[in-house]
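Engineer: Sharing model_10.txt (compact mmCIF, C-alpha atoms) below.
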```
# COMPACT_ATOMS: atom_id res chain seq x y z
CA MET Y 300 136.05 -50.19 -41.79
CA ARG Y 301 132.82 -48.41 -40.87
CA ASN Y 302 132.83 -46.10 -37.87
CA THR Y 303 130.92 -47.19 -34.77
CA LEU Y 304 127.71 -45.17 -34.49
CA LEU Y 305 127.06 -43.69 -31.05
CA PRO Y 306 123.79 -41.87 -30.26
CA ILE Y 307 124.65 -38.78 -28.18
CA GLY Y 308 122.15 -36.33 -26.68
CA PHE Y 309 122.54 -32.56 -26.36
CA ILE Y 310 120.64 -29.38 -25.59
CA PRO Y 311 121.00 -26.51 -28.10
CA LEU Y 312 123.47 -24.36 -26.16
CA VAL Y 313 126.86 -22.88 -26.99
CA ASP Y 314 128.48 -25.28 -24.54
CA ALA Y 315 127.28 -28.27 -26.58
CA ALA Y 316 130.13 -27.28 -28.91
CA PRO Y 317 132.58 -30.05 -27.90
CA LEU Y 318 130.21 -32.82 -29.05
CA ILE Y 319 129.22 -31.00 -32.21
CA ILE Y 320 132.79 -30.10 -33.12
CA ALA Y 321 133.99 -33.64 -32.39
CA GLN Y 322 131.66 -34.88 -35.11
CA GLU Y 323 131.90 -32.00 -37.60
CA MET Y 324 135.69 -31.56 -37.51
CA GLY Y 325 136.51 -35.25 -37.76
CA PHE Y 326 137.82 -35.87 -34.24
CA ALA Y 327 135.24 -38.62 -33.72
CA ALA Y 328 136.20 -40.23 -37.03
CA GLN Y 329 139.85 -40.27 -35.91
CA GLU Y 330 138.70 -42.60 -33.12
CA GLY Y 331 136.56 -44.74 -35.44
CA LEU Y 332 133.33 -43.15 -34.20
CA ALA Y 333 130.34 -41.44 -35.78
CA LEU Y 334 128.30 -39.36 -33.34
CA ASP Y 335 124.55 -39.43 -33.99
CA LEU Y 336 123.72 -36.14 -32.27
CA LYS Y 337 120.16 -36.00 -30.98
CA ARG Y 338 118.76 -32.64 -29.87
CA ALA Y 339 116.54 -32.65 -26.77
CA PRO Y 340 114.03 -29.92 -25.80
CA SER Y 341 114.73 -29.91 -22.05
CA TRP Y 342 117.12 -31.26 -19.45
CA SER Y 343 114.54 -33.60 -17.99
CA SER Y 344 113.93 -35.17 -21.41
CA LEU Y 345 117.66 -35.48 -22.05
CA ARG Y 346 118.24 -37.12 -18.68
CA ASP Y 347 115.45 -39.60 -19.45
CA MET Y 348 116.89 -40.30 -22.92
CA LEU Y 349 120.16 -41.26 -21.25
CA THR Y 350 118.61 -43.16 -18.37
CA PHE Y 351 116.40 -45.30 -20.61
CA GLY Y 352 119.10 -46.05 -23.17
CA GLN Y 353 117.90 -43.92 -26.07
CA VAL Y 354 121.38 -42.38 -26.14
CA ASP Y 355 124.68 -43.78 -24.91
CA ALA Y 356 126.08 -40.46 -23.68
CA ALA Y 357 124.89 -36.90 -23.19
CA HIS Y 358 125.97 -33.30 -22.81
CA MET Y 359 124.72 -32.93 -19.24
CA LEU Y 360 124.42 -30.48 -16.36
CA SER Y 361 127.22 -31.32 -13.94
CA PRO Y 362 124.96 -31.72 -10.86
CA VAL Y 363 122.66 -34.29 -12.53
CA PRO Y 364 124.90 -37.38 -12.05
CA VAL Y 365 125.60 -36.22 -8.48
CA ALA Y 366 121.91 -35.72 -7.74
CA THR Y 367 121.21 -39.18 -9.14
CA ALA Y 368 123.78 -40.69 -6.78
CA LEU Y 369 121.94 -39.00 -3.91
CA GLY Y 370 118.64 -40.52 -5.01
CA LEU Y 371 117.27 -37.24 -6.35
CA GLY Y 372 115.25 -37.38 -9.58
CA GLY Y 373 115.88 -39.88 -12.35
CA ALA Y 374 114.75 -43.49 -12.47
CA GLY Y 375 117.29 -45.04 -10.14
CA VAL Y 376 119.90 -45.64 -12.86
CA ALA Y 377 123.40 -44.59 -11.79
CA LEU Y 378 125.09 -42.00 -14.01
CA ASP Y 379 128.79 -41.16 -14.24
CA ALA Y 380 130.54 -38.01 -15.46
CA ILE Y 381 133.54 -39.25 -17.45
CA MET Y 382 134.85 -35.78 -18.33
CA VAL Y 383 134.00 -32.11 -17.92
CA THR Y 384 133.19 -30.52 -21.28
CA SER Y 385 132.91 -26.86 -20.27
CA ILE Y 386 133.57 -24.41 -17.46
CA ASN Y 387 131.06 -21.59 -16.83
CA GLY Y 388 129.06 -20.09 -19.73
CA ASN Y 389 125.94 -18.97 -17.83
CA VAL Y 390 124.42 -15.51 -17.40
CA ILE Y 391 122.20 -14.08 -14.69
CA GLY Y 392 119.65 -11.62 -16.03
CA VAL Y 393 116.55 -9.68 -15.08
CA GLY Y 394 113.29 -8.89 -16.83
CA LYS Y 395 112.22 -5.44 -18.00
CA GLU Y 396 110.52 -4.32 -14.77
CA LEU Y 397 113.46 -5.29 -12.57
CA ALA Y 398 115.93 -3.78 -15.05
CA ASP Y 399 114.03 -0.49 -15.00
CA GLN Y 400 114.01 -0.47 -11.20
CA LEU Y 401 117.73 -1.26 -11.02
CA HIS Y 402 118.49 1.59 -13.42
CA ALA Y 403 116.28 3.92 -11.37
CA ASP Y 404 118.16 2.88 -8.22
CA GLY Y 405 121.46 3.81 -9.88
CA HIS Y 406 122.83 0.34 -10.61
CA THR Y 407 125.32 0.60 -13.48
CA PHE Y 408 125.19 -3.05 -14.68
CA GLY Y 409 128.97 -3.27 -14.39
CA PHE Y 410 128.81 -7.06 -14.98
CA ASP Y 411 131.78 -7.78 -12.72
CA ASP Y 412 130.74 -7.13 -9.10
CA PRO Y 413 128.52 -9.86 -7.62
CA ASN Y 414 128.35 -8.15 -4.23
CA CYS Y 415 127.04 -4.90 -5.71
CA ALA Y 416 124.73 -6.68 -8.15
CA GLY Y 417 123.31 -8.96 -5.46
CA ARG Y 418 122.57 -6.13 -3.05
CA ALA Y 419 120.99 -4.08 -5.83
CA LEU Y 420 118.85 -7.03 -6.93
CA ARG Y 421 117.60 -7.66 -3.41
CA ALA Y 422 116.73 -4.00 -2.95
CA ALA Y 423 114.90 -3.75 -6.28
CA ALA Y 424 113.02 -7.07 -6.23
CA LYS Y 425 109.49 -7.56 -5.05
CA SER Y 426 108.83 -10.57 -2.83
CA PRO Y 427 108.94 -13.32 -3.84
CA LEU Y 428 111.73 -12.98 -6.40
CA ARG Y 429 110.91 -15.55 -9.09
CA ILE Y 430 114.04 -16.77 -10.86
CA GLY Y 431 113.97 -19.14 -13.83
CA VAL Y 432 116.59 -21.87 -14.13
CA PRO Y 433 116.73 -24.69 -16.70
CA PHE Y 434 116.62 -27.54 -14.15
CA PRO Y 435 116.46 -27.94 -10.35
CA PHE Y 436 119.72 -29.93 -10.28
CA SER Y 437 121.89 -27.52 -12.24
CA MET Y 438 124.89 -25.27 -11.73
CA HIS Y 439 122.48 -22.41 -12.44
CA ALA Y 440 120.48 -23.23 -9.31
CA GLN Y 441 123.65 -24.00 -7.32
CA LEU Y 442 125.31 -20.68 -8.16
CA LEU Y 443 122.16 -18.65 -7.52
CA GLN Y 444 121.58 -20.20 -4.11
CA TYR Y 445 125.24 -19.90 -3.17
CA TRP Y 446 125.44 -16.26 -4.30
CA LEU Y 447 122.28 -15.01 -2.65
CA ASN Y 448 122.84 -16.94 0.59
CA ALA Y 449 126.42 -15.70 0.86
CA LEU Y 450 125.08 -12.14 0.76
CA GLY Y 451 122.93 -12.95 3.80
CA PRO Y 452 120.18 -15.54 4.19
CA SER Y 453 116.72 -14.39 3.27
CA ALA Y 454 113.39 -15.86 4.29
CA PRO Y 455 112.47 -18.95 2.21
CA GLN Y 456 109.35 -17.22 0.95
CA ASP Y 457 111.45 -14.39 -0.54
CA LEU Y 458 112.88 -16.57 -3.33
CA GLU Y 459 111.11 -18.88 -5.75
CA ILE Y 460 113.14 -20.98 -8.20
CA ARG Y 461 111.15 -22.02 -11.28
CA THR Y 462 112.15 -24.49 -13.99
CA VAL Y 463 112.13 -23.09 -17.53
CA PRO Y 464 113.76 -24.84 -20.55
CA PRO Y 465 116.64 -22.68 -21.87
CA ALA Y 466 115.02 -21.86 -25.21
CA LEU Y 467 111.84 -20.66 -23.45
CA MET Y 468 113.47 -18.21 -21.03
CA ALA Y 469 112.59 -15.11 -23.08
CA ASP Y 470 109.00 -16.36 -23.39
CA ALA Y 471 108.80 -16.83 -19.59
CA LEU Y 472 109.95 -13.23 -19.09
CA ARG Y 473 107.44 -11.97 -21.67
CA ALA Y 474 104.62 -13.85 -19.94
CA LYS Y 475 105.78 -12.49 -16.54
CA GLU Y 476 106.19 -16.02 -15.21
CA VAL Y 477 109.64 -15.12 -13.87
CA ASP Y 478 111.31 -11.87 -12.80
CA ALA Y 479 114.89 -12.96 -13.41
CA PHE Y 480 116.84 -15.92 -14.75
CA CYS Y 481 120.09 -17.85 -14.86
CA VAL Y 482 120.62 -19.63 -18.17
CA GLY Y 483 123.35 -20.83 -20.51
CA GLU Y 484 124.18 -18.87 -23.62
CA PRO Y 485 122.92 -17.99 -26.14
CA TRP Y 486 119.51 -17.87 -24.42
CA GLY Y 487 120.35 -14.93 -22.16
CA SER Y 488 121.43 -12.99 -25.23
CA ILE Y 489 118.23 -13.99 -27.02
CA SER Y 490 116.26 -12.49 -24.12
CA VAL Y 491 118.20 -9.24 -24.56
CA ASP Y 492 117.71 -9.23 -28.34
CA GLN Y 493 113.97 -9.72 -27.88
CA SER Y 494 113.93 -6.78 -25.41
CA GLN Y 495 112.73 -9.05 -22.62
CA GLY Y 496 115.78 -8.95 -20.36
CA SER Y 497 119.08 -7.38 -19.35
CA LEU Y 498 122.16 -9.27 -18.20
CA LEU Y 499 123.31 -8.66 -14.64
CA LEU Y 500 126.30 -10.99 -14.17
CA PRO Y 501 128.20 -13.85 -15.80
CA GLY Y 502 128.19 -17.06 -13.79
CA SER Y 503 132.00 -16.86 -13.69
CA ALA Y 504 131.71 -13.82 -11.39
CA ILE Y 505 130.35 -16.12 -8.67
CA TRP Y 506 132.79 -19.02 -9.14
CA GLN Y 507 135.61 -18.59 -11.60
CA ARG Y 508 135.92 -22.30 -12.45
CA ALA Y 509 132.47 -23.80 -12.03
CA PRO Y 510 132.19 -27.16 -13.88
CA GLU Y 511 129.14 -26.43 -16.01
CA LYS Y 512 128.63 -29.40 -18.35
CA VAL Y 513 129.93 -32.95 -18.27
CA LEU Y 514 129.90 -35.92 -20.61
CA ALA Y 515 127.48 -38.21 -18.78
CA VAL Y 516 126.96 -41.92 -19.36
CA ARG Y 517 125.18 -44.70 -17.53
CA GLN Y 518 127.48 -46.27 -15.00
CA ASP Y 519 126.91 -49.78 -16.35
CA TRP Y 520 127.82 -48.54 -19.86
CA ALA Y 521 130.99 -46.87 -18.57
CA ASN Y 522 132.07 -50.12 -16.91
CA SER Y 523 131.15 -52.46 -19.78
CA GLU Y 524 132.09 -50.32 -22.81
CA THR Y 525 135.53 -49.19 -21.68
CA ASP Y 526 137.04 -48.97 -25.15
CA LEU Y 527 134.14 -46.93 -26.54
CA ALA Y 528 134.23 -44.62 -23.52
CA HIS Y 529 137.97 -44.03 -23.99
CA ARG Y 530 137.58 -43.29 -27.69
CA LEU Y 531 134.70 -40.91 -27.03
CA ILE Y 532 136.67 -39.03 -24.36
CA ARG Y 533 139.65 -38.64 -26.69
CA ALA Y 534 137.48 -37.37 -29.55
CA ILE Y 535 135.77 -34.76 -27.37
CA TRP Y 536 139.04 -33.81 -25.64
CA ARG Y 537 140.53 -33.01 -29.07
CA ALA Y 538 137.43 -30.98 -29.93
CA CYS Y 539 137.80 -29.03 -26.67
CA HIS Y 540 141.46 -28.37 -27.50
CA TRP Y 541 140.46 -27.12 -30.96
CA LEU Y 542 137.80 -24.83 -29.45
CA SER Y 543 140.37 -23.28 -27.12
CA ASP Y 544 142.29 -21.85 -30.10
CA PRO Y 545 141.04 -18.28 -30.77
CA SER Y 546 141.47 -18.85 -34.50
CA SER Y 547 138.72 -21.51 -34.34
CA ARG Y 548 136.07 -19.13 -33.05
CA ILE Y 549 134.55 -17.95 -36.34
CA LEU Y 550 134.21 -21.45 -37.78
CA ALA Y 551 132.90 -22.82 -34.48
CA ALA Y 552 130.15 -20.17 -34.39
CA GLU Y 553 129.20 -20.95 -37.99
CA ILE Y 554 128.95 -24.70 -37.30
CA LEU Y 555 126.91 -24.20 -34.13
CA SER Y 556 124.53 -21.83 -35.92
CA ARG Y 557 123.37 -24.50 -38.37
CA ALA Y 558 119.71 -25.50 -38.32
CA VAL Y 559 120.41 -28.99 -37.04
CA TYR Y 560 122.21 -27.64 -33.98
CA LEU Y 561 121.32 -24.22 -32.49
CA ASN Y 562 119.55 -22.72 -35.53
CA LEU Y 563 120.47 -19.17 -34.48
CA PRO Y 564 122.48 -16.30 -35.98
CA THR Y 565 126.24 -16.76 -35.88
CA GLU Y 566 126.70 -13.34 -34.28
CA VAL Y 567 124.64 -14.29 -31.21
CA ILE Y 568 126.68 -17.46 -30.70
CA ASP Y 569 129.96 -15.59 -31.13
CA ARG Y 570 129.18 -13.37 -28.15
CA ALA Y 571 129.64 -16.26 -25.74
CA LEU Y 572 132.71 -17.61 -27.54
CA SER Y 573 134.37 -14.16 -27.50
CA GLY Y 574 133.19 -13.16 -24.01
CA THR Y 575 131.86 -9.84 -25.33
CA LEU Y 576 128.17 -9.73 -24.46
CA THR Y 577 125.41 -7.28 -25.25
CA ILE Y 578 123.77 -6.83 -21.85
CA THR Y 579 120.84 -4.46 -22.52
CA PRO Y 580 118.31 -4.00 -25.33
CA SER Y 581 119.83 -0.54 -25.88
CA GLY Y 582 123.09 -2.21 -26.93
CA GLN Y 583 125.36 -1.80 -23.88
CA GLN Y 584 128.25 -4.26 -24.06
CA ARG Y 585 130.45 -5.80 -21.40
CA SER Y 586 133.53 -7.99 -21.64
CA ALA Y 587 133.69 -11.15 -19.50
CA PRO Y 588 137.14 -12.75 -19.89
CA GLY Y 589 136.94 -16.52 -19.50
CA PHE Y 590 133.17 -16.43 -19.91
CA VAL Y 591 133.18 -20.04 -21.14
CA GLU Y 592 136.21 -22.32 -21.15
CA PHE Y 593 136.45 -25.61 -23.01
CA HIS Y 594 140.01 -26.77 -22.39
CA SER Y 595 142.73 -24.68 -20.75
CA GLY Y 596 143.80 -25.14 -17.15
CA ALA Y 597 142.80 -28.82 -16.98
CA ALA Y 598 139.20 -27.73 -17.65
CA ASN Y 599 138.19 -31.21 -18.83
CA PHE Y 600 139.46 -33.09 -15.78
CA PRO Y 601 136.61 -34.47 -13.65
CA TRP Y 602 137.82 -33.40 -10.21
CA ARG Y 603 136.23 -35.49 -7.45
CA SER Y 604 136.32 -32.43 -5.19
CA GLN Y 605 133.98 -30.61 -7.57
CA ALA Y 606 131.47 -33.44 -7.34
CA GLN Y 607 131.73 -33.24 -3.55
CA TRP Y 608 131.18 -29.46 -3.57
CA ILE Y 609 128.04 -29.98 -5.66
CA ALA Y 610 126.84 -32.70 -3.28
CA GLY Y 611 127.48 -30.49 -0.25
CA GLN Y 612 125.46 -27.68 -1.77
CA LEU Y 613 122.60 -30.02 -2.65
CA ALA Y 614 122.64 -31.48 0.86
CA THR Y 615 122.48 -28.03 2.44
CA ARG Y 616 119.66 -26.94 0.15
CA LEU Y 617 117.59 -30.12 0.61
CA ARG Y 618 118.53 -30.81 4.24
CA LEU Y 619 120.34 -34.07 3.59
CA ASN Y 620 123.24 -35.48 5.60
CA GLN Y 621 126.18 -33.56 4.14
CA THR Y 622 128.89 -36.12 4.99
CA GLU Y 623 126.90 -38.97 3.45
CA ALA Y 624 126.09 -36.90 0.37
CA MET Y 625 129.72 -35.97 -0.29
CA ASP Y 626 130.85 -39.55 0.25
CA ALA Y 627 128.26 -40.80 -2.26
CA ALA Y 628 129.31 -38.17 -4.81
CA LYS Y 629 133.07 -38.52 -4.84
CA ASP Y 630 133.14 -41.48 -7.24
CA VAL Y 631 130.60 -39.98 -9.69
CA PHE Y 632 133.25 -37.85 -11.43
CA ARG Y 633 135.28 -40.66 -13.01
CA SER Y 634 138.83 -39.36 -12.99
CA ASP Y 635 139.98 -43.00 -13.28
CA ILE Y 636 138.31 -43.47 -16.67
CA TYR Y 637 139.45 -40.05 -17.89
CA ARG Y 638 143.07 -40.81 -16.95
CA SER Y 639 143.01 -44.19 -18.69
CA ALA Y 640 141.57 -42.67 -21.86
CA LEU Y 641 144.18 -39.91 -22.18
CA ARG Y 642 147.39 -41.61 -21.09
CA GLY Y 643 149.62 -41.81 -24.12
CA VAL Y 644 148.01 -38.73 -25.68
CA THR Y 645 149.47 -35.24 -25.29
CA ALA Y 646 147.18 -34.48 -22.32
CA ASN Y 647 148.95 -33.29 -19.17
CA LEU Y 648 147.02 -34.99 -16.38
CA PRO Y 649 146.95 -33.77 -12.76
CA GLY Y 650 148.80 -35.93 -10.26
CA ALA Y 651 145.84 -35.84 -7.85
CA SER Y 652 142.14 -36.42 -8.46
CA SER Y 653 140.90 -33.99 -5.83
CA LYS Y 654 141.91 -30.47 -4.83
CA ILE Y 655 140.96 -27.58 -2.60
CA GLU Y 656 138.32 -25.59 -4.47
CA GLY Y 657 138.48 -21.80 -4.44
CA ALA Y 658 142.02 -21.59 -3.09
CA ASN Y 659 143.71 -20.17 -6.21
CA GLN Y 660 143.60 -16.39 -6.08
CA SER Y 661 146.04 -16.38 -9.00
CA SER Y 662 147.46 -19.04 -11.32
CA VAL Y 663 149.33 -21.82 -9.50
CA THR Y 664 151.61 -24.66 -10.57
CA LEU Y 665 150.40 -28.14 -9.71
CA ALA Y 666 152.17 -31.49 -9.95
CA SER Y 667 151.07 -33.55 -12.94
CA GLU Y 668 151.72 -37.13 -14.01
CA THR Y 669 154.47 -35.96 -16.34
CA GLY Y 670 155.79 -32.90 -14.52
CA SER Y 671 153.60 -29.88 -13.76
CA LEU Y 672 150.64 -27.93 -15.08
CA ILE Y 673 149.23 -24.48 -14.42
CA LEU Y 674 145.79 -24.06 -12.90
CA PRO Y 675 144.04 -20.69 -13.36
CA PRO Y 676 142.37 -18.74 -10.52
CA ASP Y 677 139.28 -20.55 -9.24
CA ARG Y 678 138.02 -18.07 -6.64
CA PHE Y 679 134.53 -18.04 -5.17
CA PHE Y 680 133.25 -14.45 -5.09
CA ASP Y 681 133.06 -14.37 -1.28
CA GLY Y 682 136.56 -15.79 -0.81
CA SER Y 683 135.40 -19.07 0.71
CA ILE Y 684 137.41 -22.26 0.28
CA PHE Y 685 136.13 -25.81 -0.01
CA ASP Y 686 138.53 -28.46 1.28
CA PRO Y 687 136.91 -31.88 0.82
CA SER Y 688 139.19 -33.44 3.44
CA HIS Y 689 137.79 -31.05 6.06
CA ASN Y 690 134.18 -31.32 4.96
CA ALA Y 691 133.82 -35.07 4.49
```
Would you put the structure from the file into structure tokens?

Structural biologist:
Amino acid sequence: MRNTLLPIGFIPLVDAAPLIIAQEMGFAAQEGLALDLKRAPSWSSLRDMLTFGQVDAAHMLSPVPVATALGLGGAGVALDAIMVTSINGNVIGVGKELADQLHADGHTFGFDDPNCAGRALRAAAKSPLRIGVPFPFSMHAQLLQYWLNALGPSAPQDLEIRTVPPALMADALRAKEVDAFCVGEPWGSISVDQSQGSLLLPGSAIWQRAPEKVLAVRQDWANSETDLAHRLIRAIWRACHWLSDPSSRILAAEILSRAVYLNLPTEVIDRALSGTLTITPSGQQRSAPGFVEFHSGAANFPWRSQAQWIAGQLATRLRLNQTEAMDAAKDVFRSDIYRSALRGVTANLPGASSKIEGANQSSVTLASETGSLILPPDRFFDGSIFDPSHNA
């Protein structure tokens, strides 16, 4: 029997690995699927490919389906996130002029102290600070706004967020269109290798368990193609499990490096997978444990509380009604579909579909459908806690 062909969109990033590995390592074939992986040049084009039916599913920024539910961007077609495919994986960096000023001011680029890095950045930056992000509705923009506002609100004219496709971030620095950036790997590392930037922080330093990418589908497709959605989730879940094994790292980097996918040196891709990053053109390195996570700690579960946190942040930023925004968002992360797909597999599913975000200072044991599971620390850098029951 021939496998069912599914067109799937992705952006050439390290965290597209679950889709690529699902196809290349045979996990899709185990479910009777063949993934026709279509590379997109930007997040806006990928969103449109999904919205207009050119692909059935996509590797997508986690805030995009939420933003769509709030009527922001898109073409009015509802999108659902049927699983999370990666946690974290972003870097915050600065261009040459800012890096030189930070060094002159005595900043050590420790890569692990967001309070110190944020204060140093504010002191060194000229106004306005122009920061490039890949898309307005992205975890990049969310984390930047959260981080800088938590350090003390600045005047609106002091910060300018500009949209730059990931692969063009180094070019934007070279052209002096932006002073700093937040981007997914390997494009921060490419900026360093081209001597255009230095890395200031990993995104995980701001929120230890930020849901970075999701598997997004049109809501009507999710509801009408239940069997296909379940098979796709299982295939990508197995790929995520495979990626979580340290012994898979070398092969994963080699597969991702191929011309049809990222078309970049294996060594650059391995930096993100290993969490050992070169942060300056002079070759300084820093270790960022848990830099990107594909599976462990229920990483793939689409927590409704995470969708609500995203909605709350968007509402604050865009002056929307926060209660209405969080209510509209809670059903966008489809924990119901995810549960149905993985029951009967070896997945250990949480007993609840929502949780308090930021409450785990250390690993905690949580009730699951079959017993218990361990959730890793999920701290926000400023110690804040998001309880959806108190914010709705």

Engineer: Residues of segment 591-642 of chain Y that approach segment 316-329 of chain Y to 12 Å or less, counting only C-alpha atoms: could you list each one with the shortest pair of atoms and its distance in Å to one decimal, rows by chain and increasing residue number, as JSON lines?

Structural biologist:
```
{"residue": "Y:Val591", "atom": "CA", "partner": "Y:Ala316", "partner_atom": "CA", "distance": 11.0}
{"residue": "Y:Glu592", "atom": "CA", "partner": "Y:Pro317", "partner_atom": "CA", "distance": 10.9}
{"residue": "Y:Phe593", "atom": "CA", "partner": "Y:Pro317", "partner_atom": "CA", "distance": 7.7}
{"residue": "Y:His594", "atom": "CA", "partner": "Y:Pro317", "partner_atom": "CA", "distance": 9.8}
{"residue": "Y:Asn599", "atom": "CA", "partner": "Y:Pro317", "partner_atom": "CA", "distance": 10.7}
```

Engineer: If you take only C-alpha atoms and a cut-off of 10 Å, which residues of segment 420-468 of chain Y touch segment 601-619 of chain Y, and what are their nearest atom pairs and distances in Å to one decimal, in chain and number order, as CSV?

Structural biologist:
```
residue,atom,partner,partner_atom,distance
Y:Phe436,CA,Y:Leu613,CA,8.2
Y:Ser437,CA,Y:Ile609,CA,9.3
Y:Met438,CA,Y:Ile609,CA,8.3
Y:Ala440,CA,Y:Leu613,CA,9.7
Y:Gln441,CA,Y:Gln612,CA,6.9
Y:Leu442,CA,Y:Gln612,CA,9.5
Y:Gln444,CA,Y:Arg616,CA,8.2
Y:Tyr445,CA,Y:Gln612,CA,7.9
```

Engineer: Report the distance between atom CA of Ala356 of chain Y and atom CA of Asp314 of chain Y in Å, rounded to one decimal place.

Structural biologist: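 About the pair atom CA of Ala356 of chain Y and atom CA of Asp314 of chain Y: they are 15.4 Å apart.
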
Engineer: Extract, using all atoms listed in the file, all DNA, RNA and protein residues at most 12 Å from Asn389 of chain Y, discarding same-chain residues fewer than 6 positions from it, and format them as a PDB file with C-alpha atoms, in the coordinates of the input.

Structural biologist:
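The result, written out as part-v1.pdb:
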```pdb
ATOM      1  CA  LEU Y 312     123.470 -24.360 -26.160  1.00  0.00           C
ATOM      2  CA  VAL Y 313     126.860 -22.880 -26.990  1.00  0.00           C
ATOM      3  CA  ASP Y 314     128.480 -25.280 -24.540  1.00  0.00           C
ATOM      4  CA  LEU Y 360     124.420 -30.480 -16.360  1.00  0.00           C
ATOM      5  CA  VAL Y 432     116.590 -21.870 -14.130  1.00  0.00           C
ATOM      6  CA  PRO Y 433     116.730 -24.690 -16.700  1.00  0.00           C
ATOM      7  CA  SER Y 437     121.890 -27.520 -12.240  1.00  0.00           C
ATOM      8  CA  MET Y 438     124.890 -25.270 -11.730  1.00  0.00           C
ATOM      9  CA  HIS Y 439     122.480 -22.410 -12.440  1.00  0.00           C
ATOM     10  CA  ALA Y 440     120.480 -23.230  -9.310  1.00  0.00           C
ATOM     11  CA  GLN Y 441     123.650 -24.000  -7.320  1.00  0.00           C
ATOM     12  CA  LEU Y 442     125.310 -20.680  -8.160  1.00  0.00           C
ATOM     13  CA  LEU Y 443     122.160 -18.650  -7.520  1.00  0.00           C
ATOM     14  CA  PRO Y 465     116.640 -22.680 -21.870  1.00  0.00           C
ATOM     15  CA  PHE Y 480     116.840 -15.920 -14.750  1.00  0.00           C
ATOM     16  CA  CYS Y 481     120.090 -17.850 -14.860  1.00  0.00           C
ATOM     17  CA  VAL Y 482     120.620 -19.630 -18.170  1.00  0.00           C
ATOM     18  CA  GLY Y 483     123.350 -20.830 -20.510  1.00  0.00           C
ATOM     19  CA  GLU Y 484     124.180 -18.870 -23.620  1.00  0.00           C
ATOM     20  CA  PRO Y 485     122.920 -17.990 -26.140  1.00  0.00           C
ATOM     21  CA  TRP Y 486     119.510 -17.870 -24.420  1.00  0.00           C
ATOM     22  CA  GLY Y 487     120.350 -14.930 -22.160  1.00  0.00           C
ATOM     23  CA  SER Y 488     121.430 -12.990 -25.230  1.00  0.00           C
ATOM     24  CA  LEU Y 498     122.160  -9.270 -18.200  1.00  0.00           C
ATOM     25  CA  LEU Y 499     123.310  -8.660 -14.640  1.00  0.00           C
ATOM     26  CA  LEU Y 500     126.300 -10.990 -14.170  1.00  0.00           C
ATOM     27  CA  PRO Y 501     128.200 -13.850 -15.800  1.00  0.00           C
ATOM     28  CA  GLY Y 502     128.190 -17.060 -13.790  1.00  0.00           C
ATOM     29  CA  SER Y 503     132.000 -16.860 -13.690  1.00  0.00           C
ATOM     30  CA  ALA Y 504     131.710 -13.820 -11.390  1.00  0.00           C
ATOM     31  CA  ILE Y 505     130.350 -16.120  -8.670  1.00  0.00           C
ATOM     32  CA  TRP Y 506     132.790 -19.020  -9.140  1.00  0.00           C
ATOM     33  CA  GLN Y 507     135.610 -18.590 -11.600  1.00  0.00           C
ATOM     34  CA  ARG Y 508     135.920 -22.300 -12.450  1.00  0.00           C
ATOM     35  CA  ALA Y 509     132.470 -23.800 -12.030  1.00  0.00           C
ATOM     36  CA  PRO Y 510     132.190 -27.160 -13.880  1.00  0.00           C
ATOM     37  CA  GLU Y 511     129.140 -26.430 -16.010  1.00  0.00           C
ATOM     38  CA  LYS Y 512     128.630 -29.400 -18.350  1.00  0.00           C
ATOM     39  CA  ALA Y 571     129.640 -16.260 -25.740  1.00  0.00           C
ATOM     40  CA  LEU Y 572     132.710 -17.610 -27.540  1.00  0.00           C
ATOM     41  CA  GLY Y 574     133.190 -13.160 -24.010  1.00  0.00           C
ATOM     42  CA  LEU Y 576     128.170  -9.730 -24.460  1.00  0.00           C
ATOM     43  CA  ALA Y 587     133.690 -11.150 -19.500  1.00  0.00           C
ATOM     44  CA  GLY Y 589     136.940 -16.520 -19.500  1.00  0.00           C
ATOM     45  CA  PHE Y 590     133.170 -16.430 -19.910  1.00  0.00           C
ATOM     46  CA  VAL Y 591     133.180 -20.040 -21.140  1.00  0.00           C
ATOM     47  CA  GLU Y 592     136.210 -22.320 -21.150  1.00  0.00           C
TER      48      GLU Y 592
END
```

Engineer: Just want the 12 Å neighbourhood of Trp342 of chain Y, counted on all atoms listed in the file, with same-chain residues fewer than 6 positions away dropped. Output as a list in words.

Structural biologist: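 Listed by chain and then number, they are Gly308, Phe309, Ile310, Pro311, Leu312, Met348, Leu349, Ala357, His358, Met359, Leu360, Ser361, Pro362, Val363, Gly372, Gly373, Val432, Pro433, Phe434, Pro435, Phe436, Ser437, Thr462, Val463, Pro464, Pro465, Ala466 and Lys512 of chain Y.
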
Engineer: Go through Y:Arg338, Y:Arg533, Y:Arg301, Y:Arg429 one by one, measure the shortest atom-to-atom distance of each to Leu561 of chain Y using only C-alpha atoms, and give the residue with the smallest value.

Structural biologist: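 The shortest atom-to-atom distance to Leu561 of chain Y comes from Y:Arg338.
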
Engineer: I'd like the contact shell of segment 647-649 of chain Y - 6 Å cut-off, all atoms listed in the file, skipping same-chain residues fewer than 2 positions apart - returned as a ChimeraX atom specification.

Structural biologist: /Y:651,667-668

Engineer: Anything within 10 Å of (135.0, -25.7, 3.1): list those residues as number ranges by chain, counting all atoms listed in the file and sticking to the file's coordinates.

Structural biologist: Y: 608, 611, 655-657, 683-691

Engineer: At a cut-off of 8 Å around the point (145.0, -25.3, -14.5) (file coordinates), what residues fall inside when counting all atoms listed in the file? I'd like the answer as a PyMOL selection string.

Structural biologist: chain Y and resi 595-598+662-665+672-675

Engineer: Using only C-alpha atoms, which of the listed residues (Y:Ala398, Y:Ala416, Y:Ala528, Y:Val393) sits closest to Ile430 of chain Y?

Structural biologist: Y:Val393
